[in-house]
Amino acid sequence: MEEIQNKIRREVVQLLSEGQVDVVIGFEQGSLPLRATPFFLRDIADANRLVWSPFCENNLATYLTKIQGKRVGLIAKGCDVRSVVALLVEKQIHRDHIVIIGVPCQGMVDRRRIEREVDGEILKAHQEGEEIIVEGRDFRKSLPRKEYIYPSCKRCEHRNPLIYDTLIGEKLVEEAERAYHEVEAFEKLSPDKRWSHFSEETSRCIRCYACRQACPMCYCAECFVDSSFPKWIEKGLDPSDVQFWNIVRAYHQTGRCVGCGACERACPMEIDLVYLTQKINRDVKELFGFEAGLDLDPPPPLSTYRVDDEQEFIK
Amino acid sequence: MKKLPKEKVKPFVEKLLQDYEVLGPMETAGFASFGRIMSPGELKLNYQNSKKTPKEAFFPQWEVMFRYRSTGQSVEVKSAEDTGRRRILFGIRPCDIRAALLLDLVFDSLDFKDPYYINKRKGTIVVGLGCNHPASTCFCTSVNGGPFSREGADFFMTDLGDGYLVEVLSQKGRKLLRGFDGKEASEEDKERAKAIADSATRGISSVIEADGLMEKLEKLTEAPFWDFLHEKCLGCGICTYLCPTCHCFDMADEAFDLKGQRVRCWDSCLFPLFTLETSGHNPRPTGRERIRQRIMHKFNYFFYTHKAIACVGCGRCIIHCPVNLDIRRVIDDIHRE
């Protein structure tokens, strides 16, 4: 990890001093244990603040559409790069404005799960080999990193960045196999059970829109919930409105979700609707042979038309 | 002062449930939140700060204010507010009580009386619970609070381990003693409570420099500081919605055909729609102006109007921010500007 971190710093110093980029987006040490925090670096004197750890959980590609007009160096994990590809395919960003510093990713640790493994507040955390060590007032616990990575990281088939300008460190062997476990499990439930799961999960939603804001693909200039004329949806917590919001958010990801898990990580209420995006991802794969963020060439399936398109589902 | 042994908590709460709606800390999906409890078993009193705040008891995220219907000739308007509720906020932390006192300044002031808020607030008895183990993110002592501050509580409990030391602090609080089956607290209990409170107060490790903050911000309105501060902010509403003192709201008519309802719901200064004007102009077009508004409102504007900082140091915005944008660091940076 430290070696990777040093390489990242060296690379960034070079990019900035050669004037190849105006700003580098990476991570610095967070203010809380188990956290790193996004860092916008402009001055090479600050390069030693850049960190690389299993706590770099945010998808930094989400900042690319917000920081238009600047040349950006992006420290990017496999999933961040998939988002970059998806944004390029949707023509939201310019490839020549971005320098991708790709970093193969071993998965980011699920801080909430770790917090639940101990009694009391975690005051310190660090990585030691393959273990995450957490310490509190009267405990010290060692947890195997691999077991505590986010579910989306466990599912990840593209830990290595698919495109990059520089690759830091060695490529990893891809371990996960294509699987849609969550949606398959959900499909096995009776309609009543599915409905109650969905209603229960969405009932916790406070409509803070953290899921939307954390998602690189949610870049609409005006989200439908923010339109007051016409008004598509009410603003309160009536279950029908909350459910409507969550469904539309997921479905607007059709053919676009890269499965990075940023939405789940950001959600303060820990709402689990991953089966929804997994469902649309599987459908798009099966119907159109397309997966978001893997390929720069084909147009996104929902913005194009082919005569031989699957149409069995149109009844 | 009295003592309520732990095994007597259940019958005590059961008794309260007969006469009151009881809202307290409870576990939802693996974390503590405030909600209405139907049985004593749902209470989770050994919590650190709840994720959702008890401000919802007085200022719900979403409420129907009135319903209306047109009969052709006239319009009938009916208030949707229930005025007969008797409620208890049970086991609320001193920081959250302080938040309610700050909200009182907004919703129950000489200039503005908000009947919806006041009705719920007046009908509620506040049972405070001292905070034995403040989190590392807590800084209540920097903003005129404390883990054992009794300010605003009608009834206050200190967890002694084997029971609760109970103090009645108002006439409203006295009513709760009717169902109370505890005994007088011993001198030893009182001393133990004091020691716990002292140790908790000493245990607050986070500090913000509140002195001079208002004046400092005064000069910073157009500082380049804001250009960079907002960069990593995602622009979600977590910090405002999980804040016990944030109180901005929007009102809307949900109407269909000849009838409808007017609702009030929380709004967040970080949202694009927050100050969007009818003309299409938005005086706060980017994250820069929005996050500045959040900081300014809490530490400058509110101070101007109410002579208090609109932050109680509960640390929720620190813990739950998806990008770890830490208000403590922001305040340090402001002082350094």
# chains A, B, ... in the order shown; residues from 1 in each chain; ligands from 1

$ select_by_dssp --residues "region 12-130 of chain B" --states "strand (DSSP E or B)" --output "JSON, numbers by chain"
{"B": [21, 22, 23, 24, 25, 26, 27, 28, 31, 32, 33, 34, 35, 36, 37, 43, 62, 63, 64, 65, 66, 67, 68, 69, 70, 75, 76, 77, 78, 79, 87, 88, 89, 90, 91, 92, 108, 113, 124, 125, 126, 127, 128, 129]}

$ write_last_selection --atoms "N, CA and C atoms" --output "compact mmCIF listing (two decimals), in the first residue's frame"
# COMPACT_ATOMS: atom_id res chain seq x y z
N GLU B 21 -48.13 9.22 24.31
CA GLU B 21 -47.37 8.70 23.18
C GLU B 21 -45.91 8.83 23.59
N VAL B 22 -45.16 7.76 23.49
CA VAL B 22 -43.76 7.84 23.91
C VAL B 22 -42.84 7.73 22.68
N LEU B 23 -41.97 8.72 22.56
CA LEU B 23 -40.97 8.67 21.48
C LEU B 23 -39.60 8.50 22.11
N GLY B 24 -38.83 7.61 21.56
CA GLY B 24 -37.52 7.38 22.15
C GLY B 24 -36.56 6.76 21.17
N PRO B 25 -35.32 6.57 21.65
CA PRO B 25 -34.32 5.94 20.78
C PRO B 25 -34.65 4.46 20.57
N MET B 26 -34.62 4.05 19.35
CA MET B 26 -34.92 2.65 19.04
C MET B 26 -34.02 2.20 17.90
N GLU B 27 -33.95 0.89 17.74
CA GLU B 27 -33.07 0.39 16.70
C GLU B 27 -33.86 0.13 15.42
N THR B 28 -33.39 0.72 14.32
CA THR B 28 -33.96 0.42 13.01
C THR B 28 -32.83 0.00 12.11
N PHE B 31 -29.25 0.54 13.43
CA PHE B 31 -28.74 1.77 14.02
C PHE B 31 -29.83 2.45 14.84
N ALA B 32 -29.39 3.33 15.76
CA ALA B 32 -30.35 3.99 16.64
C ALA B 32 -31.00 5.17 15.93
N SER B 33 -32.30 5.23 16.04
CA SER B 33 -33.07 6.34 15.49
C SER B 33 -34.13 6.72 16.49
N PHE B 34 -34.70 7.90 16.35
CA PHE B 34 -35.79 8.27 17.25
C PHE B 34 -37.12 7.94 16.60
N GLY B 35 -38.01 7.32 17.36
CA GLY B 35 -39.31 7.00 16.80
C GLY B 35 -40.29 6.71 17.90
N ARG B 36 -41.54 6.51 17.50
CA ARG B 36 -42.57 6.22 18.49
C ARG B 36 -42.46 4.77 18.93
N ILE B 37 -42.41 4.56 20.22
CA ILE B 37 -42.32 3.18 20.68
C ILE B 37 -43.68 2.72 21.18
N LEU B 43 -37.28 0.38 23.33
CA LEU B 43 -36.35 1.44 23.70
C LEU B 43 -34.92 0.90 23.73
N TRP B 62 -42.16 15.98 7.28
CA TRP B 62 -43.25 16.19 6.34
C TRP B 62 -44.54 16.21 7.13
N GLU B 63 -45.32 17.28 7.03
CA GLU B 63 -46.60 17.28 7.73
C GLU B 63 -47.65 18.01 6.92
N VAL B 64 -48.87 17.51 7.03
CA VAL B 64 -50.00 18.16 6.38
C VAL B 64 -50.46 19.27 7.31
N MET B 65 -50.50 20.50 6.82
CA MET B 65 -50.92 21.61 7.67
C MET B 65 -52.44 21.74 7.66
N PHE B 66 -53.00 21.77 6.47
CA PHE B 66 -54.47 21.78 6.39
C PHE B 66 -54.92 21.17 5.07
N ARG B 67 -56.18 20.78 5.07
CA ARG B 67 -56.76 20.23 3.85
C ARG B 67 -57.85 21.18 3.37
N TYR B 68 -58.05 21.24 2.09
CA TYR B 68 -59.08 22.14 1.58
C TYR B 68 -59.86 21.47 0.47
N ARG B 69 -61.07 21.99 0.30
CA ARG B 69 -61.88 21.43 -0.76
C ARG B 69 -62.86 22.50 -1.22
N SER B 70 -63.04 22.58 -2.48
CA SER B 70 -63.95 23.57 -3.02
C SER B 70 -65.31 22.93 -3.24
N VAL B 75 -64.93 27.57 -0.26
CA VAL B 75 -63.84 26.64 -0.01
C VAL B 75 -63.84 26.27 1.47
N GLU B 76 -63.82 24.98 1.74
CA GLU B 76 -63.71 24.53 3.14
C GLU B 76 -62.24 24.30 3.45
N VAL B 77 -61.81 24.82 4.58
CA VAL B 77 -60.42 24.61 4.99
C VAL B 77 -60.43 23.99 6.38
N LYS B 78 -59.71 22.90 6.53
CA LYS B 78 -59.68 22.23 7.83
C LYS B 78 -58.24 21.99 8.27
N SER B 79 -57.93 22.41 9.47
CA SER B 79 -56.58 22.17 9.97
C SER B 79 -56.37 20.67 10.14
N ARG B 87 -47.45 13.81 24.83
CA ARG B 87 -46.32 12.98 24.42
C ARG B 87 -45.12 13.13 25.36
N ILE B 88 -44.31 12.11 25.32
CA ILE B 88 -43.05 12.15 26.08
C ILE B 88 -41.91 11.86 25.11
N LEU B 89 -40.89 12.67 25.19
CA LEU B 89 -39.65 12.35 24.48
C LEU B 89 -38.77 11.69 25.52
N PHE B 90 -38.58 10.42 25.40
CA PHE B 90 -37.93 9.65 26.46
C PHE B 90 -36.47 9.34 26.09
N GLY B 91 -35.57 9.68 26.99
CA GLY B 91 -34.16 9.29 26.76
C GLY B 91 -33.46 10.13 25.73
N ILE B 92 -33.80 11.42 25.69
CA ILE B 92 -33.18 12.31 24.69
C ILE B 92 -31.90 12.90 25.29
N ASP B 108 -41.04 29.79 17.98
CA ASP B 108 -41.86 30.32 19.06
C ASP B 108 -41.21 31.61 19.57
N LYS B 113 -45.06 33.01 15.63
CA LYS B 113 -45.53 31.88 16.43
C LYS B 113 -46.00 30.82 15.44
N THR B 124 -45.43 18.15 24.93
CA THR B 124 -44.42 17.09 25.07
C THR B 124 -43.60 17.28 26.35
N ILE B 125 -43.46 16.20 27.09
CA ILE B 125 -42.60 16.22 28.28
C ILE B 125 -41.24 15.66 27.88
N VAL B 126 -40.20 16.39 28.24
CA VAL B 126 -38.85 16.00 27.80
C VAL B 126 -38.10 15.27 28.91
N VAL B 127 -37.82 14.00 28.65
CA VAL B 127 -37.06 13.19 29.60
C VAL B 127 -35.63 13.07 29.09
N GLY B 128 -34.74 13.83 29.69
CA GLY B 128 -33.34 13.81 29.25
C GLY B 128 -32.58 12.61 29.80
N LEU B 129 -31.54 12.23 29.08
CA LEU B 129 -30.69 11.14 29.53
C LEU B 129 -29.24 11.58 29.37

$ residues_around --residues "region 293-302 of chain A" --least-positions-apart "3" --cutoff "12 Å" --atoms "only C-alpha atoms" --output "PyMOL selection string"
chain A and resi 61+78-91+95+157-158+160-163+216-217+251-260+280-281+283-290+305-306+309-310

$ residues_around --residues "region 286-298 of chain B" --least-positions-apart "6" --cutoff "7 Å" --atoms "only C-alpha atoms" --output "PyMOL selection string"
chain B and resi 226-227+230+235+269-270+309-311

$ residues_around --residues "Asn119 (chain B)" --least-positions-apart "3" --cutoff "9 Å" --atoms "only C-alpha atoms" --output "short mmCIF file (atom, residue, chain, number, x, y, z; two decimals) with C-alpha atoms, in the first residue's frame"
data_model
loop_
_atom_site.label_atom_id
_atom_site.label_comp_id
_atom_site.auth_asym_id
_atom_site.auth_seq_id
_atom_site.Cartn_x
_atom_site.Cartn_y
_atom_site.Cartn_z
CA PHE B 58 -41.83 18.93 16.93
CA GLU B 81 -53.14 19.45 13.29
CA ASP B 82 -54.00 17.16 16.17
CA THR B 83 -54.07 19.36 19.25
CA GLY B 84 -54.87 16.78 21.87
CA ARG B 85 -51.67 14.77 21.90
CA ASP B 114 -45.75 28.65 14.54
CA PRO B 115 -48.83 26.88 15.87
CA TYR B 116 -47.85 23.49 14.46
CA LYS B 122 -45.98 22.30 24.48
CA GLY B 123 -47.69 18.94 24.64
CA THR B 124 -44.42 17.09 25.07
#

$ residues_around --residues "Lys7 (chain A)" --least-positions-apart "5" --cutoff "10 Å" --atoms "only C-alpha atoms" --output "list in words"
Met1, Glu2, Val12, Val13, Leu167, Ile168 and Gly169 of chain A

$ residues_around --residues "Lys77 (chain A)" --least-positions-apart "6" --cutoff "8 Å" --atoms "only C-alpha atoms" --output "ChimeraX atom specification"
/A:102-105,159-161

$ write_last_selection --atoms "all heavy atoms" --output "PDB file, in the first residue's frame"
ATOM      1  N   GLY A 102      -4.498   5.217 -13.007  1.00  0.00           N
ATOM      2  CA  GLY A 102      -5.247   4.021 -12.614  1.00  0.00           C
ATOM      3  C   GLY A 102      -4.547   3.269 -11.489  1.00  0.00           C
ATOM      4  O   GLY A 102      -3.327   3.152 -11.482  1.00  0.00           O
ATOM      5  N   VAL A 103      -5.356   2.798 -10.556  1.00  0.00           N
ATOM      6  CA  VAL A 103      -4.803   1.999  -9.458  1.00  0.00           C
ATOM      7  C   VAL A 103      -5.643   0.725  -9.305  1.00  0.00           C
ATOM      8  O   VAL A 103      -6.823   0.798  -9.002  1.00  0.00           O
ATOM      9  CB  VAL A 103      -4.836   2.781  -8.113  1.00  0.00           C
ATOM     10  CG1 VAL A 103      -4.042   2.028  -7.052  1.00  0.00           C
ATOM     11  CG2 VAL A 103      -4.323   4.194  -8.263  1.00  0.00           C
ATOM     12  N   PRO A 104      -5.016  -0.436  -9.545  1.00  0.00           N
ATOM     13  CA  PRO A 104      -5.752  -1.690  -9.316  1.00  0.00           C
ATOM     14  C   PRO A 104      -6.234  -1.718  -7.859  1.00  0.00           C
ATOM     15  O   PRO A 104      -5.508  -1.290  -6.963  1.00  0.00           O
ATOM     16  CB  PRO A 104      -4.715  -2.771  -9.585  1.00  0.00           C
ATOM     17  CG  PRO A 104      -3.723  -2.123 -10.498  1.00  0.00           C
ATOM     18  CD  PRO A 104      -3.669  -0.701 -10.078  1.00  0.00           C
ATOM     19  N   CYS A 105      -7.433  -2.195  -7.662  1.00  0.00           N
ATOM     20  CA  CYS A 105      -8.066  -2.041  -6.350  1.00  0.00           C
ATOM     21  C   CYS A 105      -8.404  -3.397  -5.744  1.00  0.00           C
ATOM     22  O   CYS A 105      -9.022  -4.229  -6.388  1.00  0.00           O
ATOM     23  CB  CYS A 105      -9.331  -1.204  -6.525  1.00  0.00           C
ATOM     24  SG  CYS A 105     -10.377  -1.152  -5.081  1.00  0.00           S
ATOM     25  N   ARG A 159     -11.339  -5.053 -11.169  1.00  0.00           N
ATOM     26  CA  ARG A 159     -10.542  -4.372 -10.152  1.00  0.00           C
ATOM     27  C   ARG A 159      -9.429  -3.561 -10.810  1.00  0.00           C
ATOM     28  O   ARG A 159      -8.960  -2.582 -10.275  1.00  0.00           O
ATOM     29  CB  ARG A 159      -9.962  -5.403  -9.188  1.00  0.00           C
ATOM     30  CG  ARG A 159     -11.046  -6.364  -8.674  1.00  0.00           C
ATOM     31  CD  ARG A 159     -10.599  -7.128  -7.490  1.00  0.00           C
ATOM     32  NE  ARG A 159      -9.479  -8.019  -7.771  1.00  0.00           N
ATOM     33  CZ  ARG A 159      -8.763  -8.608  -6.817  1.00  0.00           C
ATOM     34  NH1 ARG A 159      -9.057  -8.363  -5.539  1.00  0.00           N
ATOM     35  NH2 ARG A 159      -7.774  -9.412  -7.111  1.00  0.00           N
ATOM     36  N   ASN A 160      -9.015  -4.034 -11.995  1.00  0.00           N
ATOM     37  CA  ASN A 160      -7.992  -3.300 -12.739  1.00  0.00           C
ATOM     38  C   ASN A 160      -8.664  -2.264 -13.626  1.00  0.00           C
ATOM     39  O   ASN A 160      -9.630  -2.571 -14.313  1.00  0.00           O
ATOM     40  CB  ASN A 160      -7.200  -4.264 -13.618  1.00  0.00           C
ATOM     41  CG  ASN A 160      -6.457  -5.282 -12.788  1.00  0.00           C
ATOM     42  OD1 ASN A 160      -5.756  -4.931 -11.853  1.00  0.00           O
ATOM     43  ND2 ASN A 160      -6.648  -6.555 -13.111  1.00  0.00           N
ATOM     44  N   PRO A 161      -8.150  -1.057 -13.607  1.00  0.00           N
ATOM     45  CA  PRO A 161      -8.705  -0.025 -14.483  1.00  0.00           C
ATOM     46  C   PRO A 161      -8.634  -0.483 -15.942  1.00  0.00           C
ATOM     47  O   PRO A 161      -7.616  -1.025 -16.374  1.00  0.00           O
ATOM     48  CB  PRO A 161      -7.791   1.174 -14.233  1.00  0.00           C
ATOM     49  CG  PRO A 161      -7.198   0.934 -12.885  1.00  0.00           C
ATOM     50  CD  PRO A 161      -7.064  -0.542 -12.752  1.00  0.00           C
TER      51      PRO A 161
END

$ closest_atom_pairs --of "chain B" --to "chain A" --cutoff "9 Å" --atoms "only C-alpha atoms" --output "JSON lines"
{"residue": "B:Thr28", "atom": "CA", "partner": "A:Arg204", "partner_atom": "CA", "distance": 8.7}
{"residue": "B:Ala29", "atom": "CA", "partner": "A:Glu270", "partner_atom": "CA", "distance": 7.7}
{"residue": "B:Gly30", "atom": "CA", "partner": "A:Arg116", "partner_atom": "CA", "distance": 8.5}
{"residue": "B:Phe31", "atom": "CA", "partner": "A:Met269", "partner_atom": "CA", "distance": 8.7}
{"residue": "B:Lys51", "atom": "CA", "partner": "A:Pro268", "partner_atom": "CA", "distance": 8.3}
{"residue": "B:Gln61", "atom": "CA", "partner": "A:Gly236", "partner_atom": "CA", "distance": 7.4}
{"residue": "B:Trp62", "atom": "CA", "partner": "A:Gly236", "partner_atom": "CA", "distance": 5.3}
{"residue": "B:Glu63", "atom": "CA", "partner": "A:Gly236", "partner_atom": "CA", "distance": 8.0}
{"residue": "B:Ala135", "atom": "CA", "partner": "A:Glu121", "partner_atom": "CA", "distance": 7.0}
{"residue": "B:Ser136", "atom": "CA", "partner": "A:Leu123", "partner_atom": "CA", "distance": 7.4}
{"residue": "B:Thr137", "atom": "CA", "partner": "A:Leu32", "partner_atom": "CA", "distance": 8.5}
{"residue": "B:Phe228", "atom": "CA", "partner": "A:Phe40", "partner_atom": "CA", "distance": 8.3}
{"residue": "B:Glu231", "atom": "CA", "partner": "A:Phe40", "partner_atom": "CA", "distance": 7.5}
{"residue": "B:Lys232", "atom": "CA", "partner": "A:Pro38", "partner_atom": "CA", "distance": 6.1}
{"residue": "B:Leu234", "atom": "CA", "partner": "A:Gln213", "partner_atom": "CA", "distance": 5.5}
{"residue": "B:Gly235", "atom": "CA", "partner": "A:Gln213", "partner_atom": "CA", "distance": 6.4}
{"residue": "B:Cys236", "atom": "CA", "partner": "A:Ala210", "partner_atom": "CA", "distance": 4.7}
{"residue": "B:Gly237", "atom": "CA", "partner": "A:Cys208", "partner_atom": "CA", "distance": 4.4}
{"residue": "B:Ile238", "atom": "CA", "partner": "A:Cys208", "partner_atom": "CA", "distance": 5.6}
{"residue": "B:Cys239", "atom": "CA", "partner": "A:Cys208", "partner_atom": "CA", "distance": 8.9}
{"residue": "B:Thr240", "atom": "CA", "partner": "A:Cys208", "partner_atom": "CA", "distance": 8.6}
{"residue": "B:Tyr241", "atom": "CA", "partner": "A:Cys208", "partner_atom": "CA", "distance": 7.0}
{"residue": "B:Asp250", "atom": "CA", "partner": "A:Lys235", "partner_atom": "CA", "distance": 8.8}
{"residue": "B:Ala252", "atom": "CA", "partner": "A:Lys235", "partner_atom": "CA", "distance": 8.0}
{"residue": "B:Asp253", "atom": "CA", "partner": "A:Glu234", "partner_atom": "CA", "distance": 8.9}
{"residue": "B:Glu254", "atom": "CA", "partner": "A:Glu234", "partner_atom": "CA", "distance": 7.1}
{"residue": "B:Val263", "atom": "CA", "partner": "A:Gly236", "partner_atom": "CA", "distance": 7.8}
{"residue": "B:Arg264", "atom": "CA", "partner": "A:Gly236", "partner_atom": "CA", "distance": 8.0}
{"residue": "B:Cys265", "atom": "CA", "partner": "A:Gly236", "partner_atom": "CA", "distance": 6.0}
{"residue": "B:Trp266", "atom": "CA", "partner": "A:Gly236", "partner_atom": "CA", "distance": 8.3}
{"residue": "B:Ser268", "atom": "CA", "partner": "A:Cys208", "partner_atom": "CA", "distance": 8.5}
{"residue": "B:Phe271", "atom": "CA", "partner": "A:Asp226", "partner_atom": "CA", "distance": 8.6}
{"residue": "B:Pro272", "atom": "CA", "partner": "A:Asp226", "partner_atom": "CA", "distance": 7.5}
{"residue": "B:Leu273", "atom": "CA", "partner": "A:Asp226", "partner_atom": "CA", "distance": 6.0}
{"residue": "B:Ile318", "atom": "CA", "partner": "A:Leu32", "partner_atom": "CA", "distance": 8.5}
{"residue": "B:Ile319", "atom": "CA", "partner": "A:Leu32", "partner_atom": "CA", "distance": 7.9}
{"residue": "B:His320", "atom": "CA", "partner": "A:Pro268", "partner_atom": "CA", "distance": 6.3}
{"residue": "B:Cys321", "atom": "CA", "partner": "A:Ala266", "partner_atom": "CA", "distance": 7.8}
{"residue": "B:Pro322", "atom": "CA", "partner": "A:Ala266", "partner_atom": "CA", "distance": 4.9}
{"residue": "B:Val323", "atom": "CA", "partner": "A:Thr37", "partner_atom": "CA", "distance": 5.6}
{"residue": "B:Asn324", "atom": "CA", "partner": "A:Thr37", "partner_atom": "CA", "distance": 5.6}
{"residue": "B:Leu325", "atom": "CA", "partner": "A:Thr37", "partner_atom": "CA", "distance": 7.4}
{"residue": "B:Asp326", "atom": "CA", "partner": "A:Ser31", "partner_atom": "CA", "distance": 7.0}
{"residue": "B:Arg329", "atom": "CA", "partner": "A:Ser31", "partner_atom": "CA", "distance": 8.3}

$ closest_residue --among "A:Val23, A:Val109, A:Ala185, A:Ile98" --to "Ala125 (chain A)" --atoms "only C-alpha atoms"
A:Val109

$ closest_residue --among "B:Leu101, B:Val207, B:Leu276, B:Arg178" --to "Phe12 (chain B)" --atoms "only C-alpha atoms"
B:Arg178

$ atom_distance --atom1 "CA of Arg111 (chain A)" --atom2 "CA of Leu64 (chain A)"
25.3 Å

$ closest_residue --among "B:Val312, B:Leu176, B:Leu242, B:Ala223" --to "Ser149 (chain B)" --atoms "only C-alpha atoms"
B:Val312

$ select_by_dssp --residues "region 88-177 of chain B" --states "helix (DSSP H, G or I)" --output "NGL selection string"
:B and (94-107 or 115-122 or 140-143 or 171-177)

$ decode --residues "region 90-114 of chain A" --atoms "N, CA and C atoms" --output "tab-separated table (two decimals), in the first residue's frame"
chain	number	residue	atom	x	y	z
A	90	GLU	N	-21.24	8.58	-22.93
A	90	GLU	CA	-22.41	9.48	-22.94
A	90	GLU	C	-22.00	10.92	-23.27
A	91	LYS	N	-20.75	11.09	-23.64
A	91	LYS	CA	-20.24	12.39	-24.09
A	91	LYS	C	-20.41	13.50	-23.05
A	92	GLN	N	-20.18	13.14	-21.80
A	92	GLN	CA	-20.30	14.13	-20.73
A	92	GLN	C	-18.96	14.75	-20.36
A	93	ILE	N	-17.89	14.08	-20.74
A	93	ILE	CA	-16.56	14.59	-20.41
A	93	ILE	C	-15.66	14.39	-21.62
A	94	HIS	N	-14.55	15.13	-21.64
A	94	HIS	CA	-13.60	15.00	-22.74
A	94	HIS	C	-12.41	14.17	-22.28
A	95	ARG	N	-12.09	13.17	-23.07
A	95	ARG	CA	-10.97	12.30	-22.71
A	95	ARG	C	-9.67	13.10	-22.56
A	96	ASP	N	-9.48	14.09	-23.46
A	96	ASP	CA	-8.20	14.82	-23.40
A	96	ASP	C	-8.15	15.85	-22.26
A	97	HIS	N	-9.22	15.94	-21.50
A	97	HIS	CA	-9.17	16.80	-20.31
A	97	HIS	C	-8.82	16.00	-19.06
A	98	ILE	N	-8.72	14.69	-19.23
A	98	ILE	CA	-8.53	13.84	-18.05
A	98	ILE	C	-7.29	12.97	-18.19
A	99	VAL	N	-6.50	13.01	-17.15
A	99	VAL	CA	-5.38	12.09	-17.07
A	99	VAL	C	-5.75	11.04	-16.01
A	100	ILE	N	-5.85	9.81	-16.47
A	100	ILE	CA	-6.28	8.76	-15.53
A	100	ILE	C	-5.06	8.09	-14.92
A	101	ILE	N	-4.96	8.23	-13.61
A	101	ILE	CA	-3.91	7.53	-12.87
A	101	ILE	C	-4.60	6.30	-12.28
A	102	GLY	N	-4.50	5.22	-13.01
A	102	GLY	CA	-5.25	4.02	-12.61
A	102	GLY	C	-4.55	3.27	-11.49
A	103	VAL	N	-5.36	2.80	-10.56
A	103	VAL	CA	-4.80	2.00	-9.46
A	103	VAL	C	-5.64	0.73	-9.31
A	104	PRO	N	-5.02	-0.44	-9.54
A	104	PRO	CA	-5.75	-1.69	-9.32
A	104	PRO	C	-6.23	-1.72	-7.86
A	105	CYS	N	-7.43	-2.20	-7.66
A	105	CYS	CA	-8.07	-2.04	-6.35
A	105	CYS	C	-8.40	-3.40	-5.74
A	106	GLN	N	-8.01	-3.56	-4.48
A	106	GLN	CA	-8.29	-4.84	-3.81
A	106	GLN	C	-9.61	-4.80	-3.06
A	107	GLY	N	-10.35	-3.76	-3.25
A	107	GLY	CA	-11.64	-3.64	-2.56
A	107	GLY	C	-11.52	-2.69	-1.40
A	108	MET	N	-12.59	-1.98	-1.15
A	108	MET	CA	-12.60	-1.01	-0.06
A	108	MET	C	-13.38	-1.59	1.12
A	109	VAL	N	-12.96	-1.27	2.33
A	109	VAL	CA	-13.62	-1.93	3.46
A	109	VAL	C	-14.91	-1.21	3.86
A	110	ASP	N	-15.83	-2.03	4.27
A	110	ASP	CA	-17.17	-1.58	4.64
A	110	ASP	C	-17.11	-1.10	6.09
A	111	ARG	N	-16.99	0.22	6.23
A	111	ARG	CA	-16.76	0.77	7.58
A	111	ARG	C	-17.92	0.46	8.54
A	112	ARG	N	-19.14	0.46	8.02
A	112	ARG	CA	-20.28	0.22	8.93
A	112	ARG	C	-20.27	-1.20	9.45
A	113	ARG	N	-19.88	-2.13	8.57
A	113	ARG	CA	-19.84	-3.52	9.03
A	113	ARG	C	-18.77	-3.69	10.09
A	114	ILE	N	-17.66	-3.04	9.89
A	114	ILE	CA	-16.59	-3.13	10.88
A	114	ILE	C	-17.03	-2.50	12.20
